[in-house]
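Asker: Sharing coords-v4.cif below, mmCIF, C-alpha atoms:
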```cif
data_query
#
loop_
_atom_site.group_PDB
_atom_site.id
_atom_site.type_symbol
_atom_site.label_atom_id
_atom_site.label_comp_id
_atom_site.auth_asym_id
_atom_site.auth_seq_id
_atom_site.Cartn_x
_atom_site.Cartn_y
_atom_site.Cartn_z
ATOM 1 C CA MET A 1 121.755 -64.517 -78.445
ATOM 2 C CA PRO A 2 121.347 -62.572 -81.713
ATOM 3 C CA ILE A 3 124.487 -61.653 -83.634
ATOM 4 C CA ASP A 4 125.120 -57.913 -84.037
ATOM 5 C CA HIS A 5 126.896 -57.574 -87.385
ATOM 6 C CA HIS A 6 127.419 -53.851 -86.746
ATOM 7 C CA SER A 7 128.942 -53.990 -83.257
ATOM 8 C CA ASN A 8 132.271 -52.672 -84.582
ATOM 9 C CA GLN A 9 130.680 -49.529 -86.062
ATOM 10 C CA ILE A 10 131.115 -46.140 -84.421
ATOM 11 C CA GLU A 11 127.843 -44.937 -82.924
ATOM 12 C CA GLY A 12 126.783 -41.384 -83.766
ATOM 13 C CA LEU A 13 123.749 -39.136 -83.497
ATOM 14 C CA THR A 14 122.427 -40.390 -86.850
ATOM 15 C CA SER A 15 122.885 -44.074 -86.012
ATOM 16 C CA PRO A 16 119.852 -46.256 -85.288
ATOM 17 C CA TYR A 17 118.665 -46.079 -81.690
ATOM 18 C CA ASN A 18 120.085 -48.703 -79.345
ATOM 19 C CA ASP A 19 117.681 -48.381 -76.453
ATOM 20 C CA ALA A 20 114.323 -46.992 -75.404
ATOM 21 C CA SER A 21 112.312 -46.332 -72.284
ATOM 22 C CA ALA A 22 108.775 -45.206 -71.532
ATOM 23 C CA VAL A 23 108.743 -41.644 -70.183
ATOM 24 C CA THR A 24 106.908 -40.597 -67.044
ATOM 25 C CA PRO A 25 106.807 -36.796 -67.209
ATOM 26 C CA SER A 26 108.075 -35.098 -64.027
ATOM 27 C CA ASP A 27 108.652 -31.545 -62.869
ATOM 28 C CA THR A 28 111.440 -32.653 -60.492
ATOM 29 C CA VAL A 29 113.207 -35.711 -61.947
ATOM 30 C CA ASP A 30 115.481 -35.743 -65.003
ATOM 31 C CA LEU A 31 115.476 -38.632 -67.466
ATOM 32 C CA GLU A 32 117.982 -41.389 -66.739
ATOM 33 C CA ASN A 33 119.541 -40.988 -70.207
ATOM 34 C CA VAL A 34 119.848 -37.972 -72.504
ATOM 35 C CA THR A 35 117.668 -38.710 -75.517
ATOM 36 C CA ARG A 36 118.442 -38.641 -79.206
ATOM 37 C CA ALA A 37 114.713 -38.527 -79.933
ATOM 38 C CA LEU A 38 111.259 -38.721 -78.375
ATOM 39 C CA TYR A 39 108.421 -40.774 -79.837
ATOM 40 C CA VAL A 40 105.000 -39.321 -79.008
ATOM 41 C CA GLY A 41 102.035 -41.654 -79.417
ATOM 42 C CA HIS A 42 99.173 -39.209 -78.897
ATOM 43 C CA GLN A 43 98.603 -35.631 -80.006
ATOM 44 C CA GLY A 44 99.136 -32.801 -77.530
ATOM 45 C CA THR A 45 102.001 -30.795 -76.106
ATOM 46 C CA VAL A 46 105.360 -31.899 -74.720
ATOM 47 C CA LYS A 47 107.359 -29.579 -72.476
ATOM 48 C CA VAL A 48 111.047 -30.502 -72.297
ATOM 49 C CA THR A 49 114.398 -29.317 -71.022
ATOM 50 C CA MET A 50 116.878 -29.437 -73.877
ATOM 51 C CA LEU A 51 120.425 -30.720 -73.292
ATOM 52 C CA GLY A 52 121.646 -27.114 -73.537
ATOM 53 C CA GLY A 53 119.248 -26.019 -70.770
ATOM 54 C CA ALA A 54 116.442 -24.329 -72.719
ATOM 55 C CA VAL A 55 112.903 -25.206 -71.623
ATOM 56 C CA VAL A 56 110.493 -25.378 -74.576
ATOM 57 C CA THR A 57 107.030 -26.741 -75.347
ATOM 58 C CA PHE A 58 106.294 -28.527 -78.628
ATOM 59 C CA LYS A 59 102.875 -29.132 -80.210
ATOM 60 C CA MET A 60 102.894 -32.766 -81.287
ATOM 61 C CA SER A 61 100.860 -34.808 -83.738
ATOM 62 C CA LYS A 62 99.882 -38.424 -83.206
ATOM 63 C CA ASN A 63 102.732 -40.946 -83.723
ATOM 64 C CA GLU A 64 105.394 -38.264 -84.172
ATOM 65 C CA LEU A 65 109.165 -38.672 -83.776
ATOM 66 C CA LEU A 66 110.904 -35.576 -82.420
ATOM 67 C CA GLN A 67 114.665 -35.845 -82.925
ATOM 68 C CA ILE A 68 115.927 -33.742 -80.037
ATOM 69 C CA ARG A 69 118.312 -34.235 -77.117
ATOM 70 C CA VAL A 70 116.452 -33.676 -73.862
ATOM 71 C CA THR A 71 117.177 -34.203 -70.180
ATOM 72 C CA ARG A 72 113.649 -33.832 -68.797
ATOM 73 C CA VAL A 73 110.042 -34.166 -69.913
ATOM 74 C CA TRP A 74 107.895 -31.970 -67.683
ATOM 75 C CA SER A 75 104.497 -33.029 -66.326
ATOM 76 C CA THR A 76 103.327 -29.398 -66.230
ATOM 77 C CA ASP A 77 102.197 -28.356 -69.728
ATOM 78 C CA THR A 78 102.682 -31.881 -71.185
ATOM 79 C CA THR A 79 99.367 -33.215 -72.490
ATOM 80 C CA SER A 80 100.696 -35.818 -74.947
ATOM 81 C CA THR A 81 100.773 -39.438 -73.802
ATOM 82 C CA ASP A 82 102.630 -42.609 -74.751
ATOM 83 C CA ILE A 83 106.007 -40.847 -74.817
ATOM 84 C CA VAL A 84 109.095 -42.988 -75.378
ATOM 85 C CA ALA A 85 112.692 -41.802 -74.960
ATOM 86 C CA LEU A 86 115.114 -43.149 -77.579
ATOM 87 C CA TRP A 87 118.914 -43.110 -77.366
#
```
Starting from the file, give its structure as structure tokens.

Answerer:
Amino acid sequence: MPIDHHSNQIEGLTSPYNDASAVTPSDTVDLENVTRALYVGHQGTVKVTMLGGAVVTFKMSKNELLQIRVTRVWSTDTTSTDIVALW
């Protein structure tokens, strides 16, 4: 098992990401974990519910990292693909 030399450090919003998961956009199901960022592999739009409850749509470029805290990625109005949740 690899040694984590930083395991005693306090984790914060600016710390490196510890985990990731591919996102399947859904109009009815929230993400399992609140994100600290979304990676978007292909250009298009991403509609999300922010942690505070606002629903917004972002125009995304290819291979873009969007550092936002979201609870849902909607299938309606999301045209980007290869979305990865990071936390």

Asker: Mind pulling up the distance from CA of Asn18 in chain A to CA of Met1 in chain A?

Answerer: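 Straight-line distance from CA of Met1 in chain A to CA of Asn18 in chain A works out to 15.9 Å.
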
Asker: Report as CSV the residues of range 4-38 of chain A within 10 Å of range 66-84 of chain A, each with its shortest atom pair and distance in Å (one decimal), using only C-alpha atoms, ordered by chain and increasing residue number.

Answerer:
```
residue,atom,partner,partner_atom,distance
A:Leu13,CA,A:Gln67,CA,9.7
A:Thr14,CA,A:Gln67,CA,9.8
A:Ala20,CA,A:Val84,CA,6.6
A:Ser21,CA,A:Val84,CA,5.6
A:Ala22,CA,A:Val84,CA,4.5
A:Val23,CA,A:Val84,CA,5.4
A:Thr24,CA,A:Val73,CA,7.7
A:Pro25,CA,A:Ser75,CA,4.5
A:Ser26,CA,A:Ser75,CA,4.7
A:Asp27,CA,A:Trp74,CA,4.9
A:Thr28,CA,A:Trp74,CA,8.0
A:Val29,CA,A:Arg72,CA,7.1
A:Asp30,CA,A:Arg72,CA,4.6
A:Leu31,CA,A:Arg72,CA,5.3
A:Glu32,CA,A:Thr71,CA,8.0
A:Asn33,CA,A:Thr71,CA,7.2
A:Val34,CA,A:Thr71,CA,5.2
A:Thr35,CA,A:Arg69,CA,4.8
A:Arg36,CA,A:Arg69,CA,4.9
A:Ala37,CA,A:Gln67,CA,4.0
A:Leu38,CA,A:Leu66,CA,5.1
```

Asker: Between CA of Asp19 in chain A and CA of Leu65 in chain A, what is the distance, to one decimal in Å?

Answerer: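 Result for CA of Asp19 in chain A versus CA of Leu65 in chain A: 14.8 Å, one decimal.
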
Asker: Box for range 9-23 of chain A - axis-aligned, 8 Å on each of the six sides, all listed atoms - centre and size in Å to one decimal, as lines of an AutoDock Vina configuration file.

Answerer:
```
center_x = 119.9
center_y = -44.3
center_z = -78.5
size_x = 38.4
size_y = 26.4
size_z = 32.7
```

Asker: Take the PyMOL selection byres ((chain A and resi 64) around 6), run it mentally on this structure, and tell me the resulting residues as a ChimeraX atom specification.

Answerer: /A:39-40,61-63,65

Asker: If you measure from CA of Thr49 in chain A to CA of Ile10 in chain A, what distance in Å do you get, rounded to one decimal?

Answerer: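 Taking CA of Thr49 in chain A as the start and CA of Ile10 in chain A as the end point, the length is 27.2 Å.
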
Asker: Hey, which of A:Trp87, A:Lys47, A:Ile3, A:Phe58 ends up closest to Ser15 in chain A? Count all atoms listed in the file.

Answerer: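 Using all atoms listed in the file, the shortest distance to Ser15 in chain A belongs to A:Trp87.
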
Asker: Any chance you could work out the residue set of the PyMOL selection byres ((chain A and resi 60) around 6) here, as a list in words?

Answerer: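 On the file shown, the PyMOL selection byres ((chain A and resi 60) around 6) covers Gln43, Gly44, Thr45, Lys59 and Ser61 of chain A.
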
Asker: Got a minute to add N, CA and C atoms to range 25-54 of chain A and dump it as a compact mmCIF listing (two decimals), keeping the file's coordinate frame?

Answerer:
```txt
# COMPACT_ATOMS: atom_id res chain seq x y z
N PRO A 25 106.48 -38.21 -67.38
CA PRO A 25 106.81 -36.80 -67.21
C PRO A 25 106.89 -36.41 -65.73
N SER A 26 107.85 -35.53 -65.41
CA SER A 26 108.08 -35.10 -64.03
C SER A 26 108.61 -33.68 -64.01
N ASP A 27 108.14 -32.90 -63.04
CA ASP A 27 108.65 -31.54 -62.87
C ASP A 27 109.91 -31.50 -62.00
N THR A 28 110.31 -32.64 -61.43
CA THR A 28 111.44 -32.65 -60.49
C THR A 28 112.54 -33.65 -60.83
N VAL A 29 112.24 -34.64 -61.68
CA VAL A 29 113.21 -35.71 -61.95
C VAL A 29 113.63 -35.70 -63.42
N ASP A 30 114.95 -35.66 -63.65
CA ASP A 30 115.48 -35.74 -65.00
C ASP A 30 115.37 -37.17 -65.53
N LEU A 31 115.43 -37.31 -66.85
CA LEU A 31 115.48 -38.63 -67.47
C LEU A 31 116.78 -39.32 -67.08
N GLU A 32 116.77 -40.63 -67.07
CA GLU A 32 117.98 -41.39 -66.74
C GLU A 32 119.05 -41.23 -67.82
N ASN A 33 118.62 -41.13 -69.07
CA ASN A 33 119.54 -40.99 -70.21
C ASN A 33 119.14 -39.78 -71.04
N VAL A 34 120.13 -39.05 -71.55
CA VAL A 34 119.85 -37.97 -72.50
C VAL A 34 119.34 -38.62 -73.78
N THR A 35 118.27 -38.10 -74.33
CA THR A 35 117.67 -38.71 -75.52
C THR A 35 118.38 -38.29 -76.80
N ARG A 36 118.13 -39.06 -77.84
CA ARG A 36 118.44 -38.64 -79.21
C ARG A 36 117.15 -38.33 -79.94
N ALA A 37 116.03 -38.81 -79.36
CA ALA A 37 114.71 -38.53 -79.93
C ALA A 37 113.64 -38.89 -78.91
N LEU A 38 112.45 -38.34 -79.13
CA LEU A 38 111.26 -38.72 -78.38
C LEU A 38 110.21 -39.19 -79.37
N TYR A 39 109.59 -40.32 -79.08
CA TYR A 39 108.42 -40.77 -79.84
C TYR A 39 107.20 -40.36 -79.02
N VAL A 40 106.22 -39.75 -79.68
CA VAL A 40 105.00 -39.32 -79.01
C VAL A 40 103.82 -40.03 -79.66
N GLY A 41 103.12 -40.84 -78.88
CA GLY A 41 102.04 -41.65 -79.42
C GLY A 41 100.73 -40.91 -79.64
N HIS A 42 100.44 -39.91 -78.80
CA HIS A 42 99.17 -39.21 -78.90
C HIS A 42 99.38 -37.70 -78.97
N GLN A 43 98.55 -37.07 -79.75
CA GLN A 43 98.60 -35.63 -80.01
C GLN A 43 98.50 -34.83 -78.71
N GLY A 44 99.19 -33.70 -78.68
CA GLY A 44 99.14 -32.80 -77.53
C GLY A 44 100.39 -31.95 -77.48
N THR A 45 100.79 -31.58 -76.28
CA THR A 45 102.00 -30.80 -76.11
C THR A 45 103.00 -31.57 -75.26
N VAL A 46 104.28 -31.30 -75.50
CA VAL A 46 105.36 -31.90 -74.72
C VAL A 46 106.31 -30.78 -74.31
N LYS A 47 106.42 -30.57 -73.01
CA LYS A 47 107.36 -29.58 -72.48
C LYS A 47 108.63 -30.31 -72.07
N VAL A 48 109.78 -29.82 -72.55
CA VAL A 48 111.05 -30.50 -72.30
C VAL A 48 112.12 -29.51 -71.88
N THR A 49 113.16 -30.05 -71.23
CA THR A 49 114.40 -29.32 -71.02
C THR A 49 115.40 -29.88 -72.01
N MET A 50 115.90 -29.02 -72.88
CA MET A 50 116.88 -29.44 -73.88
C MET A 50 118.23 -29.67 -73.20
N LEU A 51 119.10 -30.44 -73.84
CA LEU A 51 120.42 -30.72 -73.29
C LEU A 51 121.18 -29.42 -72.97
N GLY A 52 120.98 -28.39 -73.77
CA GLY A 52 121.65 -27.11 -73.54
C GLY A 52 121.02 -26.27 -72.44
N GLY A 53 119.87 -26.71 -71.89
CA GLY A 53 119.25 -26.02 -70.77
C GLY A 53 117.97 -25.27 -71.09
N ALA A 54 117.67 -25.04 -72.36
CA ALA A 54 116.44 -24.33 -72.72
C ALA A 54 115.22 -25.19 -72.40
```
